[in-house]
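query-v2.cif, holding mmCIF, C-alpha atoms:
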data_start
loop_
_atom_site.label_atom_id
_atom_site.label_comp_id
_atom_site.auth_asym_id
_atom_site.auth_seq_id
_atom_site.Cartn_x
_atom_site.Cartn_y
_atom_site.Cartn_z
CA MET A 1 -58.14 -31.05 -94.79
CA PRO A 2 -56.71 -29.12 -91.82
CA ASN A 3 -56.18 -25.44 -92.48
CA GLU A 4 -52.66 -25.55 -91.11
CA THR A 5 -49.87 -28.02 -90.66
CA SER A 6 -48.75 -26.93 -87.20
CA ILE A 7 -48.93 -30.41 -85.73
CA MET A 8 -46.73 -31.81 -88.48
CA GLU A 9 -44.30 -28.94 -88.05
CA GLN A 10 -44.14 -29.48 -84.31
CA VAL A 11 -43.59 -33.22 -84.63
CA LEU A 12 -40.83 -32.77 -87.17
CA ALA A 13 -39.20 -30.11 -85.01
CA PHE A 14 -39.05 -32.63 -82.19
CA HIS A 15 -37.69 -35.44 -84.37
CA ASP A 16 -34.05 -34.42 -84.13
CA LYS A 17 -34.26 -32.39 -80.93
CA TYR A 18 -32.75 -34.99 -78.63
CA ASP A 19 -29.62 -37.10 -78.77
CA PHE A 20 -30.84 -40.13 -76.84
CA ASN A 21 -27.29 -41.11 -75.92
CA THR A 22 -26.87 -37.95 -73.83
CA PHE A 23 -29.50 -38.88 -71.24
CA THR A 24 -28.26 -40.13 -67.89
CA ALA A 25 -29.57 -42.36 -65.12
CA LYS A 26 -30.44 -39.20 -63.20
CA ASP A 27 -32.67 -38.00 -66.07
CA VAL A 28 -34.46 -41.35 -66.05
CA GLN A 29 -34.88 -41.34 -62.28
CA ASN A 30 -36.25 -37.79 -62.36
CA ALA A 31 -38.82 -38.87 -64.94
CA LEU A 32 -39.87 -41.88 -62.88
CA ASN A 33 -40.33 -39.69 -59.81
CA LYS A 34 -42.97 -37.55 -61.55
CA ASP A 35 -46.71 -38.15 -61.61
CA ARG A 36 -46.97 -36.68 -65.11
CA ILE A 37 -44.07 -36.48 -67.52
CA ASP A 38 -43.25 -33.97 -70.26
CA PHE A 39 -41.59 -34.62 -73.62
CA TYR A 40 -38.09 -34.30 -72.14
CA ASP A 41 -38.89 -36.95 -69.52
CA TYR A 42 -40.46 -39.10 -72.22
CA ALA A 43 -37.27 -38.90 -74.29
CA ALA A 44 -35.26 -39.92 -71.23
CA LEU A 45 -37.47 -42.99 -70.75
CA LEU A 46 -36.83 -44.00 -74.37
CA SER A 47 -33.07 -43.59 -74.06
CA PRO A 48 -30.48 -46.36 -73.58
CA ALA A 49 -29.98 -45.01 -70.05
CA ALA A 50 -33.49 -46.20 -69.18
CA LEU A 51 -32.90 -49.89 -69.93
CA PRO A 52 -31.49 -50.65 -66.44
CA PHE A 53 -34.68 -49.08 -65.03
CA LEU A 54 -37.01 -51.22 -67.15
CA GLU A 55 -38.41 -53.12 -64.18
CA LYS A 56 -39.23 -49.86 -62.40
CA MET A 57 -40.76 -48.48 -65.60
CA ALA A 58 -42.88 -51.62 -65.93
CA GLU A 59 -44.06 -51.39 -62.31
CA LYS A 60 -45.09 -47.77 -62.72
CA ALA A 61 -46.69 -48.42 -66.11
CA GLN A 62 -48.67 -51.32 -64.66
CA LEU A 63 -49.98 -49.16 -61.82
CA CYS A 64 -50.96 -46.46 -64.30
CA THR A 65 -52.72 -48.96 -66.57
CA ARG A 66 -54.69 -50.54 -63.74
CA LYS A 67 -55.69 -47.11 -62.41
CA GLN A 68 -57.08 -46.00 -65.77
CA PHE A 69 -58.33 -49.28 -67.27
CA GLY A 70 -58.72 -51.69 -64.37
CA ASN A 71 -58.09 -55.32 -65.32
CA THR A 72 -59.97 -55.06 -68.61
CA ILE A 73 -58.31 -56.06 -71.88
CA ALA A 74 -60.17 -55.44 -75.14
CA LEU A 75 -60.12 -58.09 -77.87
CA PHE A 76 -60.49 -57.60 -81.61
CA THR A 77 -59.41 -59.15 -84.87
CA PRO A 78 -58.33 -57.66 -88.19
CA ILE A 79 -60.06 -58.61 -91.42
CA TYR A 80 -58.24 -58.05 -94.70
CA ILE A 81 -60.77 -57.63 -97.50
CA ALA A 82 -58.32 -56.73 -100.32
CA ASN A 83 -54.57 -56.72 -100.92
CA TYR A 84 -54.32 -54.67 -104.10
CA CYS A 85 -51.93 -51.77 -103.58
CA GLU A 86 -50.66 -48.85 -105.65
CA ASN A 87 -47.72 -48.01 -103.37
CA GLN A 88 -44.16 -49.19 -103.73
CA CYS A 89 -43.02 -49.58 -100.12
CA VAL A 90 -39.80 -51.56 -99.85
CA TYR A 91 -40.72 -53.21 -96.50
CA CYS A 92 -44.25 -54.44 -97.29
CA GLY A 93 -45.61 -57.65 -98.73
CA PHE A 94 -48.40 -55.70 -100.49
CA ASN A 95 -45.81 -53.65 -102.45
CA CYS A 96 -47.29 -53.15 -105.92
CA LYS A 97 -44.09 -54.59 -107.45
CA ASN A 98 -44.16 -57.71 -105.28
CA LYS A 99 -45.38 -60.84 -107.09
CA ILE A 100 -48.13 -62.18 -104.83
CA HIS A 101 -51.65 -63.51 -105.26
CA ARG A 102 -53.90 -60.45 -105.26
CA ALA A 103 -57.54 -60.68 -104.27
CA LYS A 104 -60.56 -58.63 -103.29
CA LEU A 105 -63.54 -60.05 -101.44
CA ASN A 106 -67.03 -59.37 -102.67
CA MET A 107 -69.81 -58.58 -100.21
CA GLU A 108 -70.99 -62.18 -99.97
CA GLU A 109 -67.44 -63.29 -99.16
CA ILE A 110 -67.08 -60.47 -96.64
CA LYS A 111 -70.36 -61.54 -95.05
CA LYS A 112 -68.99 -65.08 -94.58
CA GLU A 113 -65.86 -63.63 -92.96
CA TYR A 114 -67.98 -61.52 -90.61
CA GLN A 115 -70.12 -64.50 -89.66
CA ALA A 116 -67.07 -66.64 -88.91
CA ILE A 117 -65.54 -63.89 -86.75
CA ALA A 118 -68.82 -63.13 -84.96
CA ALA A 119 -69.17 -66.83 -84.11
CA THR A 120 -66.05 -66.51 -81.91
CA GLY A 121 -67.81 -63.90 -79.78
CA LEU A 122 -65.74 -60.94 -80.94
CA LYS A 123 -67.57 -57.63 -81.24
CA GLU A 124 -64.77 -55.45 -82.59
CA ILE A 125 -63.06 -55.71 -85.96
CA LEU A 126 -60.45 -53.76 -87.86
CA ILE A 127 -61.14 -53.64 -91.61
CA LEU A 128 -58.00 -53.44 -93.75
CA THR A 129 -57.34 -53.06 -97.46
CA GLY A 130 -54.26 -52.55 -99.55
CA GLU A 131 -53.84 -48.90 -100.48
CA SER A 132 -55.56 -48.89 -103.85
CA ARG A 133 -58.39 -46.47 -104.59
CA SER A 134 -59.04 -48.10 -107.95
CA MET A 135 -59.55 -51.59 -106.50
CA SER A 136 -60.85 -50.67 -103.03
CA GLY A 137 -62.84 -47.50 -103.52
CA ILE A 138 -64.55 -45.52 -100.78
CA GLU A 139 -67.96 -46.88 -101.77
CA TYR A 140 -66.66 -50.47 -101.54
CA ILE A 141 -65.19 -49.83 -98.10
CA GLY A 142 -68.37 -48.03 -97.02
CA GLU A 143 -70.48 -51.00 -98.09
CA ALA A 144 -68.23 -53.34 -96.09
CA VAL A 145 -68.56 -51.07 -93.04
CA GLU A 146 -72.34 -50.90 -93.34
CA LEU A 147 -72.52 -54.69 -93.55
CA ALA A 148 -70.27 -54.99 -90.50
CA LYS A 149 -72.79 -53.12 -88.34
CA LYS A 150 -75.03 -56.20 -88.46
CA TYR A 151 -72.39 -58.23 -86.65
CA PHE A 152 -70.12 -55.91 -84.64
CA SER A 153 -70.36 -53.05 -82.15
CA LEU A 154 -67.00 -51.43 -82.91
CA ILE A 155 -65.60 -51.01 -86.40
CA GLY A 156 -62.11 -49.73 -87.07
CA LEU A 157 -60.47 -48.92 -90.38
CA GLU A 158 -56.89 -49.22 -91.54
CA ILE A 159 -57.05 -48.04 -95.14
CA TYR A 160 -55.33 -45.46 -97.32
CA PRO A 161 -55.66 -41.87 -95.99
CA VAL A 162 -58.63 -39.99 -97.42
CA GLU A 163 -60.27 -36.56 -97.32
CA VAL A 164 -62.43 -35.17 -94.48
CA ASP A 165 -65.67 -35.65 -96.41
CA GLU A 166 -64.70 -39.25 -97.19
CA TYR A 167 -63.98 -39.97 -93.52
CA LYS A 168 -67.36 -38.39 -92.76
CA TYR A 169 -69.01 -40.73 -95.28
CA LEU A 170 -67.32 -43.79 -93.74
CA HIS A 171 -68.25 -42.64 -90.25
CA GLU A 172 -71.88 -42.26 -91.29
CA LYS A 173 -71.72 -45.80 -92.67
CA GLY A 174 -70.67 -47.00 -89.23
CA ALA A 175 -66.90 -46.68 -88.81
CA ASP A 176 -65.72 -45.62 -85.35
CA PHE A 177 -61.93 -45.56 -85.51
CA VAL A 178 -59.19 -44.87 -88.04
CA THR A 179 -55.61 -46.09 -87.66
CA VAL A 180 -52.82 -44.72 -89.82
CA PHE A 181 -49.21 -45.79 -89.35
CA GLN A 182 -46.71 -43.12 -90.33
CA GLU A 183 -44.08 -45.91 -90.62
CA THR A 184 -41.19 -43.49 -89.98
CA TYR A 185 -41.02 -39.82 -89.06
CA ASN A 186 -37.58 -39.39 -90.63
CA THR A 187 -38.50 -37.59 -93.84
CA GLU A 188 -35.32 -38.69 -95.64
CA THR A 189 -35.83 -42.35 -94.80
CA TYR A 190 -39.51 -41.95 -95.65
CA LYS A 191 -38.54 -40.96 -99.20
CA LYS A 192 -36.16 -43.89 -99.53
CA VAL A 193 -38.67 -46.56 -98.48
CA HIS A 194 -41.76 -45.15 -100.22
CA LEU A 195 -40.69 -45.15 -103.84
CA ALA A 196 -44.03 -44.53 -105.55
CA GLY A 197 -47.74 -44.09 -104.90
CA GLN A 198 -49.90 -41.82 -102.76
CA LYS A 199 -48.16 -43.02 -99.63
CA SER A 200 -44.96 -41.29 -100.73
CA ILE A 201 -46.58 -37.93 -99.88
CA PHE A 202 -45.46 -37.48 -96.26
CA PRO A 203 -47.64 -34.46 -95.27
CA TYR A 204 -50.84 -36.04 -96.54
CA ARG A 205 -50.26 -39.11 -94.43
CA ILE A 206 -49.20 -37.40 -91.22
CA ASN A 207 -52.34 -35.22 -91.27
CA ALA A 208 -54.68 -38.18 -91.75
CA GLN A 209 -55.68 -38.56 -88.09
CA GLU A 210 -56.67 -34.91 -87.92
CA ARG A 211 -58.81 -35.27 -91.04
CA ALA A 212 -60.44 -38.38 -89.57
CA ILE A 213 -61.41 -36.52 -86.40
CA LEU A 214 -62.75 -33.62 -88.43
CA GLY A 215 -64.77 -36.21 -90.36
CA GLY A 216 -66.45 -37.32 -87.14
CA MET A 217 -64.43 -40.39 -86.15
CA ARG A 218 -64.45 -40.81 -82.39
CA GLY A 219 -60.99 -42.33 -82.22
CA VAL A 220 -57.69 -42.42 -84.09
CA GLY A 221 -54.65 -44.67 -83.88
CA PHE A 222 -50.94 -43.98 -84.36
CA GLY A 223 -47.83 -46.04 -84.89
CA ALA A 224 -44.41 -46.28 -86.48
CA LEU A 225 -43.00 -49.43 -88.06
CA LEU A 226 -40.28 -49.99 -85.50
CA GLY A 227 -36.95 -50.95 -87.01
CA LEU A 228 -37.48 -49.13 -90.28
CA ASP A 229 -35.35 -46.23 -89.02
CA ASP A 230 -33.94 -45.26 -85.62
CA PHE A 231 -36.65 -46.67 -83.37
CA ARG A 232 -36.13 -44.22 -80.52
CA HIS A 233 -36.76 -41.18 -82.71
CA ASP A 234 -39.76 -42.84 -84.34
CA ALA A 235 -41.28 -43.99 -81.04
CA PHE A 236 -40.69 -40.53 -79.60
CA CYS A 237 -42.53 -38.93 -82.52
CA VAL A 238 -45.46 -41.32 -82.19
CA GLY A 239 -45.96 -40.11 -78.62
CA VAL A 240 -45.52 -36.45 -79.54
CA HIS A 241 -47.89 -36.76 -82.52
CA ALA A 242 -50.58 -38.53 -80.50
CA THR A 243 -50.26 -36.11 -77.58
CA LEU A 244 -50.54 -33.03 -79.79
CA ILE A 245 -53.66 -34.43 -81.45
CA GLN A 246 -55.13 -35.22 -78.02
CA ARG A 247 -54.48 -31.67 -76.82
CA LYS A 248 -56.09 -30.15 -79.91
CA TYR A 249 -59.05 -32.56 -79.95
CA PRO A 250 -59.57 -33.60 -76.30
CA HIS A 251 -62.81 -35.41 -77.13
CA ALA A 252 -61.02 -37.89 -79.42
CA GLU A 253 -60.00 -41.33 -78.19
CA ILE A 254 -56.30 -41.99 -78.78
CA ALA A 255 -54.67 -45.34 -79.48
CA VAL A 256 -51.11 -46.38 -80.26
CA SER A 257 -49.69 -49.58 -81.70
CA VAL A 258 -46.15 -50.97 -81.65
CA PRO A 259 -45.64 -52.88 -84.92
CA ARG A 260 -42.16 -54.20 -85.63
CA LEU A 261 -40.87 -55.20 -89.03
CA ARG A 262 -41.85 -58.74 -89.94
CA PRO A 263 -40.78 -61.06 -92.78
CA TYR A 264 -43.11 -61.19 -95.79
CA ILE A 265 -43.39 -63.07 -99.09
CA ASN A 266 -40.22 -62.40 -101.12
CA GLY A 267 -38.79 -60.54 -98.12
CA GLU A 268 -38.07 -63.30 -95.60
CA GLU A 269 -34.87 -61.58 -94.46
CA THR A 270 -36.74 -58.52 -93.24
CA ASN A 271 -36.38 -58.06 -89.48
CA PRO A 272 -36.44 -55.11 -87.08
CA ARG A 273 -33.18 -53.25 -86.64
CA ASP A 274 -32.07 -53.17 -82.99
CA VAL A 275 -35.65 -53.41 -81.67
CA HIS A 276 -35.58 -56.45 -79.43
CA GLU A 277 -38.27 -57.43 -76.95
CA LYS A 278 -36.63 -55.49 -74.14
CA GLU A 279 -36.62 -52.30 -76.22
CA LEU A 280 -40.19 -52.95 -77.35
CA LEU A 281 -41.38 -53.21 -73.75
CA GLN A 282 -39.43 -50.04 -72.93
CA ILE A 283 -41.30 -48.22 -75.70
CA MET A 284 -44.69 -49.48 -74.51
CA CYS A 285 -44.00 -48.46 -70.91
CA ALA A 286 -42.87 -45.01 -72.06
CA TYR A 287 -46.08 -44.67 -74.10
CA ARG A 288 -48.17 -45.51 -71.04
CA LEU A 289 -46.38 -43.04 -68.77
CA LEU A 290 -46.70 -40.24 -71.34
CA MET A 291 -50.29 -41.06 -72.30
CA PRO A 292 -52.11 -42.60 -69.29
CA PHE A 293 -55.49 -42.70 -71.06
CA ALA A 294 -54.35 -44.02 -74.44
CA SER A 295 -55.22 -47.49 -75.61
CA ILE A 296 -52.10 -49.54 -76.42
CA THR A 297 -52.44 -52.45 -78.84
CA ILE A 298 -50.13 -55.46 -79.02
CA SER A 299 -50.52 -57.41 -82.26
CA THR A 300 -49.77 -60.94 -83.44
CA ARG A 301 -46.50 -59.70 -84.89
CA GLU A 302 -45.20 -60.62 -81.42
CA ARG A 303 -44.95 -64.09 -79.86
CA SER A 304 -47.56 -65.22 -77.37
CA ASP A 305 -45.39 -65.07 -74.23
CA PHE A 306 -44.40 -61.48 -74.93
CA ARG A 307 -48.01 -60.51 -75.60
CA ASN A 308 -49.12 -62.15 -72.35
CA ASN A 309 -46.51 -60.12 -70.50
CA ALA A 310 -47.41 -56.87 -72.28
CA VAL A 311 -51.11 -57.02 -71.40
CA ASN A 312 -50.18 -57.69 -67.80
CA ILE A 313 -48.14 -54.46 -67.74
CA CYS A 314 -49.31 -51.78 -70.14
CA ALA A 315 -51.19 -53.00 -73.23
CA THR A 316 -54.98 -52.66 -73.13
CA LYS A 317 -55.97 -54.24 -76.44
CA ILE A 318 -54.94 -57.53 -78.03
CA SER A 319 -55.80 -59.19 -81.33
CA ALA A 320 -56.93 -62.81 -81.43
CA GLY A 321 -57.92 -65.41 -84.02
CA VAL A 322 -55.90 -63.48 -86.59
CA SER A 323 -55.58 -64.10 -90.32
CA VAL A 324 -53.58 -61.58 -92.34
CA GLY A 325 -54.42 -63.14 -95.68
CA ILE A 326 -57.47 -62.25 -97.76
CA GLY A 327 -60.48 -64.32 -96.74
CA GLY A 328 -58.73 -66.48 -94.16
CA HIS A 329 -61.35 -66.43 -91.40
CA SER A 330 -64.07 -68.44 -93.13
CA GLU A 331 -62.20 -70.62 -95.63
CA LYS A 332 -58.88 -70.99 -97.45
CA GLU A 333 -57.19 -67.66 -98.09
CA LYS A 334 -58.09 -66.11 -101.42
CA GLY A 335 -55.09 -63.75 -101.46
CA ASP A 336 -51.62 -63.67 -99.92
CA GLU A 337 -50.83 -62.23 -96.51
CA GLN A 338 -49.11 -58.92 -95.79
CA PHE A 339 -46.58 -60.37 -93.33
CA GLU A 340 -45.96 -63.41 -91.13
CA ILE A 341 -47.60 -63.49 -87.72
CA SER A 342 -45.96 -64.87 -84.56
CA ASP A 343 -49.01 -65.68 -82.42
CA PRO A 344 -51.61 -67.91 -84.13
CA ARG A 345 -53.78 -68.46 -81.03
CA SER A 346 -57.54 -68.64 -81.35
CA VAL A 347 -59.89 -66.28 -79.52
CA ASP A 348 -60.60 -68.90 -76.86
CA GLU A 349 -56.89 -69.49 -76.28
CA VAL A 350 -56.22 -65.78 -75.84
CA VAL A 351 -59.20 -65.45 -73.48
CA ASP A 352 -57.91 -68.36 -71.37
CA ALA A 353 -54.44 -66.80 -71.17
CA LEU A 354 -55.86 -63.45 -70.05
CA GLN A 355 -57.96 -65.07 -67.35
CA GLN A 356 -54.95 -66.97 -66.04
CA TYR A 357 -53.33 -63.57 -65.42
CA GLY A 358 -56.41 -62.38 -63.56
CA LEU A 359 -57.38 -60.09 -66.41
CA GLN A 360 -60.90 -59.54 -67.73
CA PRO A 361 -61.34 -60.09 -71.48
CA SER A 362 -63.71 -57.49 -72.94
CA PHE A 363 -65.48 -58.10 -76.22
CA ASN A 364 -67.42 -54.86 -76.14
CA ASP A 365 -67.37 -51.50 -74.33
CA TYR A 366 -69.63 -49.66 -76.74
CA ILE A 367 -73.31 -50.07 -77.63
CA ARG A 368 -74.37 -49.19 -81.16
CA LEU A 369 -77.87 -47.71 -81.07
CA ILE A 370 -78.43 -47.32 -84.81
#
How would this structure read if it were set down as structure tokens?
Amino acid sequence: MPNETSIMEQVLAFHDKYDFNTFTAKDVQNALNKDRIDFYDYAALLSPAALPFLEKMAEKAQLCTRKQFGNTIALFTPIYIANYCENQCVYCGFNCKNKIHRAKLNMEEIKKEYQAIAATGLKEILILTGESRSMSGIEYIGEAVELAKKYFSLIGLEIYPVEVDEYKYLHEKGADFVTVFQETYNTETYKKVHLAGQKSIFPYRINAQERAILGGMRGVGFGALLGLDDFRHDAFCVGVHATLIQRKYPHAEIAVSVPRLRPYINGEETNPRDVHEKELLQIMCAYRLLMPFASITISTRERSDFRNNAVNICATKISAGVSVGIGGHSEKEKGDEQFEISDPRSVDEVVDALQQYGLQPSFNDYIRLI
């Protein structure tokens, strides 16, 4: 556990610092004229005043992306191994009060999932569980990670936040990355949408990336669930949070994601508030201009045409062949999905689309020696 909460304090101090409606076209133009932007410029690029400049933002973001990453786009797929959850989050299909089919894969079932994914050529996976220590303990996750090393070069985790020594244990088992979505940085909204469970403890969650780095993870991911609260403030805080972590731990690889609210079982009416595709692209371009070296992931929450456009501009990682149910890669799903996806394309279909844009699909940029 970090000895101080200065990063959290700084992020929260920034949360309400700017009124995004006060920015002008001149502020946006000044930001676009700079080689490197500061947090004020970043806020301007997230403001409504920046929307008429979206094409210019996209052009500059594309140049920045190609300079840092070339034409390479990384591919991965998530694998959900359990959907038991002890949190009561009002926006999530895994909500412990939601009546869904719960399931947890055993190691033989996980092995079949790995084999099915590996057969597509993918070398990177993201292992996900519901947030339940009792049903998906650290040892269970560690065993799944260790098994994954036989099939994959890069292993990411999206699980409940844990302690430094537990991240160290999972890293020693073979995990490389940890992603934790803060969901919203508005502490009042956070209380209202996280009614019970460990996730309701805001400070413990916001410090998770720092604990993961201290535990030896080489990379950490950030994101807010866009549409849960004011998306401009939340997107702004994602960039501030990630940048402050990068400054404190310059050796760590930084990644950001842009998940929007999606419908889920018993919550079909759930949709993002005011975050349309134009605003989503604005956010992604602002992320790129603030964080030139950060990986930006675009998930299957978005439709295929938008994802094709995003990787051509600023995204550097895309999921493919996705199943968000439990056990859906190798056979019929054993447990219900967390949310509905918008892009069901296979790995081959995503690869073909990337190549049509002149982009280079990358299945692996990391060699595991042990």
**Q.** Nearest-residue call for Met8 in chain A, choices A:Ala208, A:Leu63, A:Leu281, A:Val322, using only C-alpha atoms
**A.** A:Ala208
Q) Do you know which residues the PyMOL selection byres ((chain A and resi 225-235) around 6) returns on this file, as a PyMOL selection string? A) chain A and resi 183-185+224+236-238+259-260+272-273
Q. What lies within 8 Å of Leu170 in chain A using all atoms listed in the file, ignoring chain neighbours under 4 positions off, as a count of residues only?
A. 7
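Distance-wise, CA of Tyr140 in chain A and CA of Ile79 in chain A end up 14.6 Å apart.
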**Q.** Expansion of the PyMOL selection byres ((chain A and resi 109) around 12) into residues, as a PyMOL selection string
**A.** chain A and resi 79-82+103-108+110-116+144+147+326-334
(Q) Here's the selection I'm unsure about, the PyMOL selection byres ((chain A and resi 298) around 6); applied to the file above, which residues does it give, as a PyMOL selection string? (A) chain A and resi 297+299+318
Take the residues just selected and output them with C-alpha atoms as a tab-separated table (two decimals), keeping the file's coordinate frame.
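After the write, selection12.tsv holds the following:
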chain	number	residue	atom	x	y	z
A	297	THR	CA	-52.44	-52.45	-78.84
A	299	SER	CA	-50.52	-57.41	-82.26
A	318	ILE	CA	-54.94	-57.53	-78.03
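For the atom pair formed by CA of Gln355 in chain A and CA of Ala58 in chain A, the distance is 20.3 Å, given to one decimal.
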**Q.** All residues 6 Å or closer to range 302-312 of chain A, only C-alpha atoms, same chain fewer than 2 positions away omitted, as a ChimeraX atom specification
**A.** /A:300,314-315,342-343
(Q) I need the residue nearest Gly93 in chain A from this list: A:Tyr190, A:Gly130, A:Lys17, A:Pro161. Use all atoms listed in the file for the distance. (A) A:Gly130
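Coordinates place CA of Met57 in chain A at a distance of 11.9 Å from CA of Lys34 in chain A.
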Q) Neighbours of Gln209 in chain A within 12 Å (all atoms listed in the file; same-chain residues fewer than 5 positions away dropped), as number ranges by chain? A) A: 1-2, 7-8, 157-164, 167, 177-182, 203-204, 214-223, 241-242, 244-246, 248-249, 252-256
